[in-house]
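Structure data (compact mmCIF, C-alpha atoms) from coords-v4.txt:
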# COMPACT_ATOMS: atom_id res chain seq x y z
CA MET I 1 163.43 95.12 142.43
CA ASN I 2 161.75 98.14 143.94
CA ASP I 3 161.30 101.62 142.50
CA VAL I 4 164.47 103.07 144.01
CA GLU I 5 166.64 100.29 142.58
CA ALA I 6 165.04 100.68 139.13
CA ILE I 7 165.62 104.43 139.14
CA GLU I 8 169.22 103.93 140.29
CA LEU I 9 169.79 101.37 137.55
CA GLY I 10 168.34 103.75 134.94
CA ARG I 11 170.48 106.61 136.22
CA THR I 12 173.59 104.45 136.08
CA ALA I 13 172.72 103.30 132.54
CA VAL I 14 172.27 106.88 131.31
CA PHE I 15 175.48 108.01 132.99
CA THR I 16 177.38 105.09 131.44
CA MET I 17 175.96 105.94 128.03
CA LEU I 18 177.10 109.54 128.43
CA LYS I 19 180.58 108.41 129.49
CA VAL I 20 180.87 106.16 126.44
CA ALA I 21 179.35 108.40 123.77
CA GLY I 22 180.27 111.81 125.18
CA PRO I 23 183.92 112.03 124.10
CA VAL I 24 183.15 110.96 120.52
CA MET I 25 180.23 113.38 120.25
CA SER I 26 182.25 116.25 121.69
CA MET I 27 185.03 115.65 119.17
CA ALA I 28 182.45 115.70 116.36
CA LEU I 29 181.04 118.92 117.80
CA VAL I 30 184.46 120.57 117.94
CA ILE I 31 185.37 119.61 114.39
CA GLY I 32 181.94 120.72 113.18
CA LEU I 33 182.35 124.12 114.82
CA ALA I 34 185.86 124.49 113.40
CA ILE I 35 184.67 123.68 109.89
CA ALA I 36 181.68 126.01 110.25
CA LEU I 37 184.02 128.79 111.35
CA PHE I 38 186.30 128.06 108.40
CA GLN I 39 183.33 128.14 106.03
CA ALA I 40 182.11 131.43 107.49
CA LEU I 41 185.53 133.04 107.23
CA THR I 42 186.22 131.89 103.67
CA SER I 43 182.64 132.15 102.34
CA ILE I 44 182.80 128.56 101.12
CA GLN I 45 179.29 127.19 101.47
CA GLU I 46 179.77 123.61 100.34
CA MET I 47 177.36 121.36 102.24
CA THR I 48 179.42 118.19 101.86
CA LEU I 49 182.61 119.76 103.23
CA THR I 50 181.79 118.88 106.83
CA PHE I 51 180.89 115.23 106.33
CA VAL I 52 184.27 113.77 105.37
CA GLN I 53 186.14 115.47 108.21
CA LYS I 54 183.50 114.52 110.77
CA ILE I 55 183.53 110.90 109.65
CA VAL I 56 187.33 110.75 109.83
CA VAL I 57 187.40 112.34 113.30
CA ILE I 58 184.65 110.08 114.61
CA VAL I 59 186.33 106.92 113.28
CA LEU I 60 189.72 107.96 114.68
CA SER I 61 188.25 108.88 118.05
CA VAL I 62 186.41 105.57 118.28
CA VAL I 63 189.63 103.71 117.47
CA VAL I 64 191.61 105.69 120.06
CA LEU I 65 188.92 105.57 122.76
CA LEU I 66 187.82 101.98 122.20
CA PRO I 67 189.71 100.55 125.23
CA TYR I 68 188.12 103.16 127.51
CA MET I 69 184.67 102.52 126.02
CA LEU I 70 184.99 98.76 126.38
CA SER I 71 186.21 98.96 129.96
CA THR I 72 183.35 101.28 130.89
CA LEU I 73 180.76 99.04 129.27
CA SER I 74 182.24 95.87 130.73
CA GLY I 75 182.25 97.47 134.20
CA PHE I 76 178.57 98.34 133.79
CA THR I 77 177.80 94.84 132.56
CA LEU I 78 179.59 93.25 135.50
CA MET I 79 177.65 95.50 137.87
CA LEU I 80 174.41 94.36 136.21
CA PHE I 81 175.41 90.70 136.52
CA ASP I 82 176.24 91.20 140.20
CA ARG I 83 172.80 92.74 140.78
CA ILE I 84 171.10 89.87 138.95
CA ILE I 85 172.98 87.30 141.03
CA ALA I 86 172.19 89.19 144.26
CA MET I 87 168.47 89.24 143.42
CA GLY I 88 168.27 85.51 142.64
For this file, produce the structure as structure tokens.
Amino acid sequence: MNDVEAIELGRTAVFTMLKVAGPVMSMALVIGLAIALFQALTSIQEMTLTFVQKIVVIVLSVVVLLPYMLSTLSGFTLMLFDRIIAMG
């Protein structure tokens, strides 16, 4: 494996990681901003208020997006296996 292939593999791995984790993290960001806005508007400054909602949203989004995440990761894994077979 030369330098170009290693860099391409690293780029593909990072892009796959962003595709898998991005939707869940963006949903957590949106719910966090909504709760922060709610806290600012109502002057409720309870620190634990955000945790329960974020945990529920993250768990629900993982359950809903699990088929997409698994297909993305299995596609990346199959691509890695094909590269390993091609090298050997």
Could you name the residues that touch range 21-36 of chain I at 12 Å or less, counting only C-alpha atoms, but leaving out those on the same chain fewer than 4 positions away, as a compact mmCIF listing (two decimals) with C-alpha atoms, in the frame of the given file?
# COMPACT_ATOMS: atom_id res chain seq x y z
CA VAL I 14 172.27 106.88 131.31
CA PHE I 15 175.48 108.01 132.99
CA THR I 16 177.38 105.09 131.44
CA MET I 17 175.96 105.94 128.03
CA ALA I 40 182.11 131.43 107.49
CA LEU I 41 185.53 133.04 107.23
CA THR I 42 186.22 131.89 103.67
CA SER I 43 182.64 132.15 102.34
CA ILE I 44 182.80 128.56 101.12
CA GLN I 45 179.29 127.19 101.47
CA GLU I 46 179.77 123.61 100.34
CA MET I 47 177.36 121.36 102.24
CA THR I 48 179.42 118.19 101.86
CA LEU I 49 182.61 119.76 103.23
CA THR I 50 181.79 118.88 106.83
CA PHE I 51 180.89 115.23 106.33
CA VAL I 52 184.27 113.77 105.37
CA GLN I 53 186.14 115.47 108.21
CA LYS I 54 183.50 114.52 110.77
CA ILE I 55 183.53 110.90 109.65
CA VAL I 56 187.33 110.75 109.83
CA VAL I 57 187.40 112.34 113.30
CA ILE I 58 184.65 110.08 114.61
CA VAL I 59 186.33 106.92 113.28
CA LEU I 60 189.72 107.96 114.68
CA SER I 61 188.25 108.88 118.05
CA VAL I 62 186.41 105.57 118.28
CA VAL I 63 189.63 103.71 117.47
CA VAL I 64 191.61 105.69 120.06
CA LEU I 65 188.92 105.57 122.76
CA LEU I 66 187.82 101.98 122.20
CA TYR I 68 188.12 103.16 127.51
CA MET I 69 184.67 102.52 126.02
CA LEU I 70 184.99 98.76 126.38
CA THR I 72 183.35 101.28 130.89
CA LEU I 73 180.76 99.04 129.27
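The space between CA of Lys19 in chain I and CA of Ile84 in chain I spans 22.9 Å.
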Coordinates-based distance that separates CA of Arg83 in chain I from CA of Pro67 in chain I (Å, one decimal): 24.3 Å
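Near (174.9, 95.9, 136.6), the residues inside the 12 Å limit, counting only C-alpha atoms, come to Glu5, Ala6, Glu8, Leu9, Gly10, Arg11, Thr12, Ala13, Thr16, Thr72, Leu73, Ser74, Gly75, Phe76, Thr77, Leu78, Met79, Leu80, Phe81, Asp82, Arg83, Ile84, Ile85, Ala86 and Met87 of chain I.
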Exercise on range 52-55 of chain I, axis-aligned box with 8 Å per side, report centre and edge lengths in Å to one decimal, as AutoDock Vina command-line options:
--center_x 184.8 --center_y 113.2 --center_z 108.1 --size_x 18.6 --size_y 20.6 --size_z 21.4
Take range 58-73 of chain I, bring it up to N, CA and C atoms, and give me the output as a PDB file, in the frame of the given file.
ATOM      1  N   ILE I  58     185.419 111.026 113.810  1.00  0.00           N
ATOM      2  CA  ILE I  58     184.650 110.080 114.610  1.00  0.00           C
ATOM      3  C   ILE I  58     185.274 108.690 114.565  1.00  0.00           C
ATOM      4  N   VAL I  59     185.702 108.245 113.389  1.00  0.00           N
ATOM      5  CA  VAL I  59     186.330 106.920 113.280  1.00  0.00           C
ATOM      6  C   VAL I  59     187.638 106.886 114.068  1.00  0.00           C
ATOM      7  N   LEU I  60     188.451 107.917 113.937  1.00  0.00           N
ATOM      8  CA  LEU I  60     189.720 107.960 114.680  1.00  0.00           C
ATOM      9  C   LEU I  60     189.487 108.015 116.187  1.00  0.00           C
ATOM     10  N   SER I  61     188.501 108.794 116.613  1.00  0.00           N
ATOM     11  CA  SER I  61     188.250 108.880 118.050  1.00  0.00           C
ATOM     12  C   SER I  61     187.699 107.573 118.604  1.00  0.00           C
ATOM     13  N   VAL I  62     186.892 106.872 117.826  1.00  0.00           N
ATOM     14  CA  VAL I  62     186.410 105.570 118.280  1.00  0.00           C
ATOM     15  C   VAL I  62     187.564 104.586 118.387  1.00  0.00           C
ATOM     16  N   VAL I  63     188.472 104.610 117.425  1.00  0.00           N
ATOM     17  CA  VAL I  63     189.630 103.710 117.470  1.00  0.00           C
ATOM     18  C   VAL I  63     190.510 104.026 118.680  1.00  0.00           C
ATOM     19  N   VAL I  64     190.744 105.297 118.945  1.00  0.00           N
ATOM     20  CA  VAL I  64     191.610 105.690 120.060  1.00  0.00           C
ATOM     21  C   VAL I  64     190.920 105.416 121.402  1.00  0.00           C
ATOM     22  N   LEU I  65     189.633 105.698 121.499  1.00  0.00           N
ATOM     23  CA  LEU I  65     188.920 105.570 122.760  1.00  0.00           C
ATOM     24  C   LEU I  65     188.268 104.217 122.986  1.00  0.00           C
ATOM     25  N   LEU I  66     188.466 103.275 122.070  1.00  0.00           N
ATOM     26  CA  LEU I  66     187.820 101.980 122.200  1.00  0.00           C
ATOM     27  C   LEU I  66     188.182 101.236 123.489  1.00  0.00           C
ATOM     28  N   PRO I  67     189.434 101.221 123.946  1.00  0.00           N
ATOM     29  CA  PRO I  67     189.710 100.550 125.230  1.00  0.00           C
ATOM     30  C   PRO I  67     188.946 101.162 126.396  1.00  0.00           C
ATOM     31  N   TYR I  68     188.879 102.483 126.444  1.00  0.00           N
ATOM     32  CA  TYR I  68     188.120 103.160 127.510  1.00  0.00           C
ATOM     33  C   TYR I  68     186.636 102.806 127.413  1.00  0.00           C
ATOM     34  N   MET I  69     186.084 102.814 126.205  1.00  0.00           N
ATOM     35  CA  MET I  69     184.670 102.520 126.020  1.00  0.00           C
ATOM     36  C   MET I  69     184.358 101.079 126.427  1.00  0.00           C
ATOM     37  N   LEU I  70     185.224 100.164 126.032  1.00  0.00           N
ATOM     38  CA  LEU I  70     184.990  98.760 126.380  1.00  0.00           C
ATOM     39  C   LEU I  70     185.114  98.517 127.875  1.00  0.00           C
ATOM     40  N   SER I  71     186.078  99.154 128.522  1.00  0.00           N
ATOM     41  CA  SER I  71     186.210  98.960 129.960  1.00  0.00           C
ATOM     42  C   SER I  71     185.029  99.552 130.718  1.00  0.00           C
ATOM     43  N   THR I  72     184.529 100.678 130.258  1.00  0.00           N
ATOM     44  CA  THR I  72     183.350 101.280 130.890  1.00  0.00           C
ATOM     45  C   THR I  72     182.123 100.391 130.721  1.00  0.00           C
ATOM     46  N   LEU I  73     181.918  99.896 129.509  1.00  0.00           N
ATOM     47  CA  LEU I  73     180.760  99.040 129.270  1.00  0.00           C
ATOM     48  C   LEU I  73     180.883  97.694 129.976  1.00  0.00           C
TER      49      LEU I  73
END
